[in-house]
$ cat run-v7.txt   # compact mmCIF, C-alpha atoms
# COMPACT_ATOMS: atom_id res chain seq x y z
CA LYS A 1 4.12 122.51 -39.85
CA LYS A 2 7.22 120.76 -38.61
CA ASN A 3 9.98 118.67 -40.14
CA LEU A 4 10.10 115.24 -38.50
CA PRO A 5 13.72 114.12 -38.01
CA LEU A 6 14.41 110.44 -37.41
CA SER A 7 17.40 108.50 -36.20
CA ARG A 8 19.12 106.75 -39.09
CA PRO A 9 19.16 103.01 -39.64
CA ASN A 10 22.53 101.44 -40.34
CA SER A 11 23.57 102.37 -43.84
CA ASN A 12 26.90 102.58 -45.64
CA HIS A 13 25.61 105.50 -47.66
CA ALA A 14 23.90 107.62 -45.02
CA SER A 15 26.86 109.90 -44.47
CA LYS A 16 26.97 110.75 -48.16
CA MET A 17 23.34 111.90 -48.27
CA LYS A 18 23.09 114.60 -45.63
CA ASN A 19 22.90 117.75 -47.73
CA ASP A 20 22.23 116.79 -51.34
CA ARG A 21 18.41 117.09 -51.30
CA THR A 22 16.94 120.14 -52.97
CA ASP A 23 14.92 121.10 -49.89
CA GLY A 24 17.86 120.72 -47.53
CA ARG A 25 16.57 117.65 -45.67
CA THR A 26 18.75 114.77 -44.61
CA ALA A 27 18.07 111.34 -46.08
CA PHE A 28 15.84 110.24 -43.19
CA THR A 29 13.96 113.47 -42.45
CA LEU A 30 10.27 113.66 -43.36
CA ARG A 31 8.72 116.69 -45.01
CA PRO A 32 6.58 119.08 -42.92
CA LEU A 33 3.12 117.71 -42.15
CA SER A 34 -0.14 119.56 -41.59
CA ALA A 35 -3.70 118.28 -41.35
CA GLU A 36 -7.26 119.55 -41.27
CA ILE A 37 -9.91 117.27 -39.78
CA SER A 38 -13.53 117.56 -41.00
CA PRO A 39 -12.91 120.12 -43.76
CA LEU A 40 -16.08 118.85 -45.48
CA THR A 41 -19.55 118.86 -43.94
CA ARG A 42 -21.53 116.36 -46.04
CA PRO A 43 -19.44 113.19 -45.56
CA ASP A 44 -19.47 111.24 -42.30
CA GLY A 45 -15.75 111.88 -41.99
CA SER A 46 -13.15 113.85 -43.89
CA ALA A 47 -9.56 115.02 -43.69
CA LYS A 48 -7.01 116.98 -45.67
CA LEU A 49 -3.34 116.09 -45.28
CA THR A 50 -0.38 118.08 -46.55
CA SER A 51 3.11 116.58 -46.78
CA GLY A 52 5.54 119.10 -48.18
CA HIS A 53 3.89 120.28 -51.40
CA THR A 54 1.68 117.18 -51.70
CA GLN A 55 -1.88 117.81 -50.53
CA ILE A 56 -4.69 115.24 -50.57
CA LEU A 57 -8.33 115.38 -49.50
CA CYS A 58 -10.34 112.35 -48.40
CA ALA A 59 -14.05 111.88 -47.66
CA VAL A 60 -15.62 108.85 -45.97
CA TYR A 61 -19.31 108.00 -46.39
CA GLY A 62 -20.78 105.46 -43.99
CA PRO A 63 -20.96 102.94 -42.60
CA ALA A 64 -24.41 103.16 -44.17
CA SER A 65 -26.98 100.83 -45.71
CA SER A 66 -26.16 99.88 -49.26
CA ARG A 67 -28.39 101.10 -52.07
CA HIS A 68 -27.92 97.73 -53.78
CA LEU A 69 -29.42 95.13 -51.49
CA ASN A 70 -28.20 92.24 -53.63
CA ARG A 71 -24.59 93.36 -53.01
CA ASP A 72 -24.90 93.49 -49.23
CA HIS A 73 -22.75 91.15 -47.22
CA PRO A 74 -24.81 89.68 -44.36
CA THR A 75 -21.98 89.60 -41.80
CA ARG A 76 -19.70 92.55 -42.59
CA ALA A 77 -19.39 95.90 -44.32
CA SER A 78 -18.31 96.23 -47.93
CA LEU A 79 -15.52 98.69 -48.69
CA SER A 80 -15.44 100.90 -51.77
CA VAL A 81 -12.48 103.13 -52.70
CA VAL A 82 -12.52 105.84 -55.36
CA PHE A 83 -9.17 107.39 -56.25
CA ASN A 84 -9.34 110.47 -58.48
CA SER A 85 -5.86 111.17 -59.81
CA GLN A 86 -2.97 109.84 -61.83
CA VAL A 87 0.08 108.45 -60.02
CA HIS A 88 3.40 107.97 -61.76
CA GLY A 89 3.80 104.23 -62.25
CA ALA A 90 0.28 103.13 -61.22
CA THR A 91 -3.25 103.35 -62.61
CA GLU A 92 -6.26 104.60 -60.65
CA ARG A 93 -7.60 101.04 -60.44
CA GLU A 94 -4.30 99.77 -59.01
CA MET A 95 -4.36 102.55 -56.44
CA GLU A 96 -7.94 101.74 -55.46
CA ARG A 97 -7.09 98.07 -55.05
CA PHE A 98 -3.98 98.80 -52.94
CA LEU A 99 -5.79 101.26 -50.68
CA GLY A 100 -8.85 99.03 -50.38
CA GLU A 101 -6.91 95.89 -49.48
CA THR A 102 -4.66 97.69 -46.98
CA LEU A 103 -7.41 99.64 -45.23
CA GLY A 104 -9.76 96.66 -45.38
CA SER A 105 -7.27 94.56 -43.43
CA CYS A 106 -7.55 96.99 -40.49
CA ILE A 107 -11.23 98.01 -40.54
CA LEU A 108 -13.44 95.93 -38.23
CA ALA A 109 -15.92 95.24 -41.02
CA GLU A 110 -17.80 92.64 -38.99
CA ARG A 111 -19.05 95.43 -36.73
CA TYR A 112 -21.08 96.83 -39.64
CA PRO A 113 -23.07 94.01 -41.32
CA ARG A 114 -25.09 94.79 -44.44
CA SER A 115 -23.48 98.19 -44.87
CA VAL A 116 -21.00 99.95 -47.11
CA ILE A 117 -18.09 102.25 -46.36
CA GLU A 118 -17.08 104.47 -49.27
CA ILE A 119 -13.70 106.23 -49.30
CA VAL A 120 -13.13 108.96 -51.87
CA VAL A 121 -9.58 110.27 -52.31
CA GLN A 122 -8.80 113.42 -54.30
CA VAL A 123 -5.25 114.58 -54.96
CA ILE A 124 -5.15 118.38 -54.86
CA THR A 125 -1.42 118.74 -55.55
CA GLY A 126 1.06 115.92 -56.04
CA ASP A 127 4.77 116.38 -55.41
CA GLY A 128 5.99 112.95 -54.39
CA GLY A 129 4.75 110.49 -51.80
CA VAL A 130 1.22 110.56 -53.20
CA VAL A 131 0.43 106.91 -52.47
CA GLY A 132 1.59 107.07 -48.86
CA THR A 133 -0.10 110.39 -48.21
CA ALA A 134 -3.33 109.05 -49.75
CA LEU A 135 -3.40 106.10 -47.37
CA ASN A 136 -2.57 108.24 -44.33
CA VAL A 137 -5.26 110.82 -45.08
CA ALA A 138 -7.78 108.01 -45.58
CA VAL A 139 -6.92 106.74 -42.09
CA LEU A 140 -7.55 110.22 -40.66
CA ALA A 141 -10.89 110.44 -42.45
CA LEU A 142 -11.92 106.98 -41.19
CA MET A 143 -11.06 108.07 -37.64
CA ASP A 144 -13.13 111.21 -38.14
CA ALA A 145 -16.07 109.06 -39.30
CA GLY A 146 -15.76 106.89 -36.19
CA VAL A 147 -15.03 103.71 -38.13
CA GLU A 148 -13.58 101.09 -35.80
CA MET A 149 -10.20 99.62 -36.71
CA SER A 150 -8.12 96.83 -35.22
CA SER A 151 -4.96 98.84 -35.79
CA VAL A 152 -3.75 102.01 -37.50
CA PRO A 153 -1.93 101.48 -40.79
CA ILE A 154 0.76 104.07 -41.53
CA ALA A 155 2.37 104.42 -44.95
CA THR A 156 5.95 105.54 -45.52
CA THR A 157 7.38 106.29 -48.95
CA CYS A 158 11.01 105.42 -49.61
CA VAL A 159 13.21 105.73 -52.66
CA PHE A 160 16.50 104.08 -53.53
CA LEU A 161 18.85 106.29 -55.49
CA GLU A 162 22.53 106.06 -56.29
CA GLY A 163 24.02 106.58 -52.85
CA GLY A 164 21.35 104.91 -50.76
CA LEU A 165 17.91 105.10 -49.21
CA ARG A 166 15.84 108.25 -48.71
CA LEU A 167 12.54 108.70 -46.91
CA ASP A 168 9.58 110.75 -48.09
CA PRO A 169 10.91 111.68 -51.54
CA GLY A 170 9.72 114.60 -53.59
CA GLU A 171 8.56 114.07 -57.15
CA ASP A 172 11.98 115.05 -58.52
CA GLU A 173 13.55 112.17 -56.55
CA GLU A 174 10.84 109.67 -57.50
CA ARG A 175 11.26 110.43 -61.22
CA ARG A 176 15.06 110.55 -61.21
CA GLN A 177 16.70 108.08 -63.55
CA GLY A 178 17.50 104.85 -61.75
CA SER A 179 15.23 105.58 -58.78
CA MET A 180 13.28 102.75 -57.12
CA PRO A 181 10.29 104.12 -55.15
CA LEU A 182 8.74 101.90 -52.51
CA VAL A 183 5.71 102.37 -50.23
CA ILE A 184 5.70 100.37 -46.99
CA VAL A 185 2.63 100.15 -44.74
CA THR A 186 3.28 99.24 -41.12
CA ASP A 187 0.88 98.24 -38.35
CA ASN A 188 1.00 100.35 -35.18
CA ALA A 189 -0.33 97.49 -33.01
CA LYS A 190 2.03 94.68 -33.97
CA GLU A 191 4.67 96.87 -35.67
CA GLY A 192 4.68 94.49 -38.62
CA VAL A 193 4.39 95.14 -42.36
CA LEU A 194 0.84 95.14 -43.69
CA GLY A 195 1.79 95.63 -47.31
CA SER A 196 4.14 97.27 -49.77
CA LEU A 197 4.00 98.67 -53.26
CA THR A 198 7.02 99.00 -55.55
CA PHE A 199 7.51 101.06 -58.69
CA GLY A 200 10.23 99.99 -61.10
CA SER A 201 12.92 97.39 -60.57
CA GLU A 202 12.87 94.71 -57.91
CA ILE A 203 14.53 95.58 -54.58
CA ASP A 204 16.97 93.17 -53.02
CA GLU A 205 16.41 91.69 -49.58
CA GLU A 206 18.92 93.84 -47.69
CA ASP A 207 17.59 97.09 -49.16
CA TYR A 208 14.03 96.04 -48.37
CA TYR A 209 14.99 95.22 -44.78
CA ASN A 210 16.62 98.66 -44.36
CA ALA A 211 13.53 100.33 -45.82
CA VAL A 212 11.26 98.45 -43.41
CA LYS A 213 13.35 99.46 -40.39
CA ALA A 214 13.37 103.10 -41.48
CA SER A 215 9.61 102.98 -42.17
CA GLN A 216 8.87 101.58 -38.73
CA LYS A 217 10.65 104.54 -37.14
CA ALA A 218 8.99 107.03 -39.48
CA SER A 219 5.53 105.58 -38.81
CA LYS A 220 5.84 106.34 -35.09
CA ALA A 221 6.41 110.01 -35.84
CA VAL A 222 3.50 110.11 -38.29
CA LEU A 223 1.20 108.30 -35.85
CA ALA A 224 2.06 110.82 -33.11
CA PHE A 225 1.18 113.63 -35.55
CA MET A 226 -2.15 111.96 -36.39
CA ARG A 227 -3.05 111.64 -32.73
CA MET A 228 -2.35 115.34 -32.18
CA ALA A 229 -4.53 116.24 -35.18
CA ILE A 230 -7.47 114.14 -33.94
CA GLU A 231 -7.08 115.28 -30.34
CA GLY A 232 -7.03 118.90 -31.52
CA LYS A 233 -10.31 118.41 -33.35
CA VAL A 234 -11.93 116.70 -30.35
CA GLY A 235 -10.68 119.46 -28.05
CA LYS A 236 -12.29 122.14 -30.22
CA GLU A 237 -15.58 120.27 -30.28
CA CYS A 238 -15.57 119.93 -26.48
CA ALA A 239 -14.82 123.63 -26.10
CA MET A 240 -17.79 124.45 -28.35
CA LEU A 241 -20.09 122.20 -26.30
CA TRP A 242 -19.20 123.97 -23.05
CA SER A 243 -19.03 127.50 -24.41
$ encode --input "run-v7.txt" --output "structure tokens"
Amino acid sequence: KKNLPLSRPNSNHASKMKNDRTDGRTAFTLRPLSAEISPLTRPDGSAKLTSGHTQILCAVYGPASSRHLNRDHPTRASLSVVFNSQVHGATEREMERFLGETLGSCILAERYPRSVIEIVVQVITGDGGVVGTALNVAVLALMDAGVEMSSVPIATTCVFLEGGLRLDPGEDEERRQGSMPLVIVTDNAKEGVLGSLTFGSEIDEEDYYNAVKASQKASKAVLAFMRMAIEGKVGKECAMLWS
């Protein structure tokens, strides 16, 4: 596991927020990340991602023929998301819709006509950043299943507190009075924003712009970590083939 430090975007409050986090991180430092690829044997792809004390497991089934022929789409795959947990500020159905719409915008569904891709997300422990971690572990599981994507969506969780912006908040920061959590999903191919999800009050334009800039930098570090995790799994499989 390794803390992922990032250069700071311009902020009038950044200097005030260096050492006031309970875990000692600066405002723009991500929590340690670790991942396990293919922890489950029955799904077509699976992954477990740990971010600080938040740990989430994801299984991907398919692409496979649908059991309900009348629900098949003749030209593309259908996407189903099951989210098994409670998130502060959002229902399970809202989470499923957000994950489904975001992932669906990147999956090349037309490559899999008359099929279904099912994504099942299970929160093992939640300590902040659950939504972002859920999306990122789903991406890892889709990669493990060999599902083709036009780009890799990366989620970054931000929170606005008195004093400024922080990345990758813990649950204590997300639940603090006056906090405004925000999840931003960026696209690694075009480096644009695929979607965002807010909890609480509306965020003004300048704050949102600063959060996007910080998320774009954070996503590069997370994407590099994902690549290492997938390459490590492929390397082990190759070693087994030639042993």
$ closest_residue --input "run-v7.txt" --among "A:Cys158, A:Gly192, A:Ala64, A:Glu36" --to "Ile230 (chain A)" --atoms "all atoms listed in the file"
A:Glu36
$ closest_atom_pairs --input "run-v7.txt" --of "region 48-97 of chain A" --to "region 161-180 of chain A" --cutoff "9 Å" --atoms "all atoms listed in the file" --output "tab-separated table"
residue	atom	partner	partner_atom	distance
A:Ser51	CA	A:Asp168	CA	8.8
A:Gly52	CA	A:Gly170	CA	8.2
A:His53	CA	A:Gly170	CA	8.4
A:Thr54	CA	A:Gly170	CA	8.7
A:His88	CA	A:Arg175	CA	8.3
$ closest_residue --input "run-v7.txt" --among "A:Leu197, A:Ala27, A:Val159, A:Leu140" --to "Glu231 (chain A)" --atoms "only C-alpha atoms"
A:Leu140
$ closest_residue --input "run-v7.txt" --among "A:Leu223, A:Leu57, A:Ala77, A:Leu103" --to "Val137 (chain A)" --atoms "only C-alpha atoms"
A:Leu57
$ closest_residue --input "run-v7.txt" --among "A:Arg21, A:His73, A:Lys220, A:Lys190" --to "Val116 (chain A)" --atoms "only C-alpha atoms"
A:His73
$ residues_around --input "run-v7.txt" --residues "Arg93 (chain A)" --least-positions-apart "6" --cutoff "10 Å" --atoms "all atoms listed in the file" --output "PyMOL selection string"
chain A and resi 81-84+99
$ closest_residue --input "run-v7.txt" --among "A:Ser196, A:Thr102, A:Ser38, A:Thr50" --to "Pro181 (chain A)" --atoms "only C-alpha atoms"
A:Ser196
$ decode --input "run-v7.txt" --residues "region 133-240 of chain A" --atoms "C-alpha atoms" --output "JSON list (two decimals), in the first residue's frame"
[["chain", "number", "residue", "atom", "x", "y", "z"],
["A", 133, "THR", "CA", -14.23, 3.21, -4.68],
["A", 134, "ALA", "CA", -17.28, 1.25, -5.89],
["A", 135, "LEU", "CA", -16.95, 2.63, -9.40],
["A", 136, "ASN", "CA", -13.18, 2.06, -9.52],
["A", 137, "VAL", "CA", -13.42, -1.54, -8.33],
["A", 138, "ALA", "CA", -16.16, -2.18, -10.91],
["A", 139, "VAL", "CA", -13.76, -0.95, -13.61],
["A", 140, "LEU", "CA", -11.10, -3.39, -12.38],
["A", 141, "ALA", "CA", -13.60, -6.26, -12.40],
["A", 142, "LEU", "CA", -14.75, -5.37, -15.93],
["A", 143, "MET", "CA", -11.11, -5.39, -17.07],
["A", 144, "ASP", "CA", -10.65, -8.78, -15.43],
["A", 145, "ALA", "CA", -13.71, -10.08, -17.30],
["A", 146, "GLY", "CA", -12.28, -8.83, -20.60],
["A", 147, "VAL", "CA", -15.14, -6.44, -21.27],
["A", 148, "GLU", "CA", -14.14, -3.94, -23.94],
["A", 149, "MET", "CA", -14.38, -0.25, -23.07],
["A", 150, "SER", "CA", -13.88, 2.91, -25.10],
["A", 151, "SER", "CA", -12.15, 4.56, -22.15],
["A", 152, "VAL", "CA", -11.45, 4.00, -18.47],
["A", 153, "PRO", "CA", -13.62, 5.99, -16.08],
["A", 154, "ILE", "CA", -11.91, 6.94, -12.81],
["A", 155, "ALA", "CA", -13.83, 8.29, -9.82],
["A", 156, "THR", "CA", -12.41, 10.76, -7.32],
["A", 157, "THR", "CA", -14.19, 11.75, -4.12],
["A", 158, "CYS", "CA", -13.83, 15.32, -2.90],
["A", 159, "VAL", "CA", -15.26, 17.18, 0.05],
["A", 160, "PHE", "CA", -15.59, 20.89, 0.75],
["A", 161, "LEU", "CA", -15.15, 21.81, 4.38],
["A", 162, "GLU", "CA", -14.56, 25.10, 6.14],
["A", 163, "GLY", "CA", -11.07, 25.92, 4.93],
["A", 164, "GLY", "CA", -11.25, 24.43, 1.46],
["A", 165, "LEU", "CA", -11.19, 21.34, -0.71],
["A", 166, "ARG", "CA", -9.94, 17.89, 0.33],
["A", 167, "LEU", "CA", -9.50, 14.77, -1.76],
["A", 168, "ASP", "CA", -10.45, 11.23, -0.77],
["A", 169, "PRO", "CA", -12.19, 12.05, 2.52],
["A", 170, "GLY", "CA", -12.74, 9.59, 5.33],
["A", 171, "GLU", "CA", -16.21, 9.07, 6.74],
["A", 172, "ASP", "CA", -15.54, 11.52, 9.57],
["A", 173, "GLU", "CA", -14.90, 14.27, 7.00],
["A", 174, "GLU", "CA", -17.90, 13.33, 4.83],
["A", 175, "ARG", "CA", -20.26, 13.48, 7.83],
["A", 176, "ARG", "CA", -18.82, 16.63, 9.37],
["A", 177, "GLN", "CA", -21.31, 19.45, 9.78],
["A", 178, "GLY", "CA", -21.27, 21.74, 6.77],
["A", 179, "SER", "CA", -19.39, 19.28, 4.54],
["A", 180, "MET", "CA", -20.24, 19.04, 0.83],
["A", 181, "PRO", "CA", -19.08, 15.68, -0.62],
["A", 182, "LEU", "CA", -18.71, 15.40, -4.38],
["A", 183, "VAL", "CA", -17.79, 12.47, -6.64],
["A", 184, "ILE", "CA", -16.28, 13.36, -10.02],
["A", 185, "VAL", "CA", -15.74, 10.75, -12.75],
["A", 186, "THR", "CA", -13.14, 11.61, -15.38],
["A", 187, "ASP", "CA", -12.35, 9.96, -18.71],
["A", 188, "ASN", "CA", -8.75, 8.79, -19.20],
["A", 189, "ALA", "CA", -9.00, 9.05, -23.01],
["A", 190, "LYS", "CA", -10.33, 12.59, -23.42],
["A", 191, "GLU", "CA", -9.58, 13.76, -19.85],
["A", 192, "GLY", "CA", -13.09, 15.17, -19.63],
["A", 193, "VAL", "CA", -15.79, 14.77, -16.97],
["A", 194, "LEU", "CA", -18.12, 11.82, -17.52],
["A", 195, "GLY", "CA", -20.35, 12.54, -14.56],
["A", 196, "SER", "CA", -20.59, 13.80, -11.01],
["A", 197, "LEU", "CA", -22.65, 13.12, -7.94],
["A", 198, "THR", "CA", -23.18, 15.61, -5.12],
["A", 199, "PHE", "CA", -24.41, 15.10, -1.58],
["A", 200, "GLY", "CA", -25.85, 18.09, 0.24],
["A", 201, "SER", "CA", -25.79, 21.73, -0.81],
["A", 202, "GLU", "CA", -25.09, 22.96, -4.32],
["A", 203, "ILE", "CA", -21.45, 23.74, -5.15],
["A", 204, "ASP", "CA", -20.57, 27.01, -6.82],
["A", 205, "GLU", "CA", -18.84, 27.14, -10.18],
["A", 206, "GLU", "CA", -15.36, 28.05, -8.92],
["A", 207, "ASP", "CA", -15.34, 25.27, -6.31],
["A", 208, "TYR", "CA", -16.55, 22.77, -8.89],
["A", 209, "TYR", "CA", -13.80, 23.84, -11.32],
["A", 210, "ASN", "CA", -11.14, 23.39, -8.60],
["A", 211, "ALA", "CA", -12.55, 19.97, -7.75],
["A", 212, "VAL", "CA", -12.45, 18.90, -11.41],
["A", 213, "LYS", "CA", -8.82, 20.00, -11.79],
["A", 214, "ALA", "CA", -7.80, 18.15, -8.63],
["A", 215, "SER", "CA", -9.77, 15.05, -9.74],
["A", 216, "GLN", "CA", -8.06, 14.99, -13.11],
["A", 217, "LYS", "CA", -4.67, 14.87, -11.40],
["A", 218, "ALA", "CA", -5.83, 12.27, -8.89],
["A", 219, "SER", "CA", -7.29, 10.06, -11.64],
["A", 220, "LYS", "CA", -3.89, 9.74, -13.31],
["A", 221, "ALA", "CA", -2.40, 8.32, -10.12],
["A", 222, "VAL", "CA", -5.32, 5.92, -9.65],
["A", 223, "LEU", "CA", -5.16, 4.80, -13.30],
["A", 224, "ALA", "CA", -1.43, 4.07, -12.95],
["A", 225, "PHE", "CA", -2.22, 1.97, -9.86],
["A", 226, "MET", "CA", -4.94, 0.06, -11.76],
["A", 227, "ARG", "CA", -2.56, -0.71, -14.60],
["A", 228, "MET", "CA", 0.00, -2.10, -12.15],
["A", 229, "ALA", "CA", -2.67, -4.27, -10.52],
["A", 230, "ILE", "CA", -3.84, -5.72, -13.86],
["A", 231, "GLU", "CA", -0.30, -6.18, -15.17],
["A", 232, "GLY", "CA", 0.64, -7.97, -11.95],
["A", 233, "LYS", "CA", -2.23, -10.41, -12.41],
["A", 234, "VAL", "CA", -1.34, -11.03, -16.07],
["A", 235, "GLY", "CA", 2.31, -11.54, -15.13],
["A", 236, "LYS", "CA", 1.40, -14.21, -12.58],
["A", 237, "GLU", "CA", -0.79, -16.01, -15.10],
["A", 238, "CYS", "CA", 2.01, -16.02, -17.68],
["A", 239, "ALA", "CA", 4.46, -17.35, -15.11],
["A", 240, "MET", "CA", 2.05, -20.18, -14.30]]
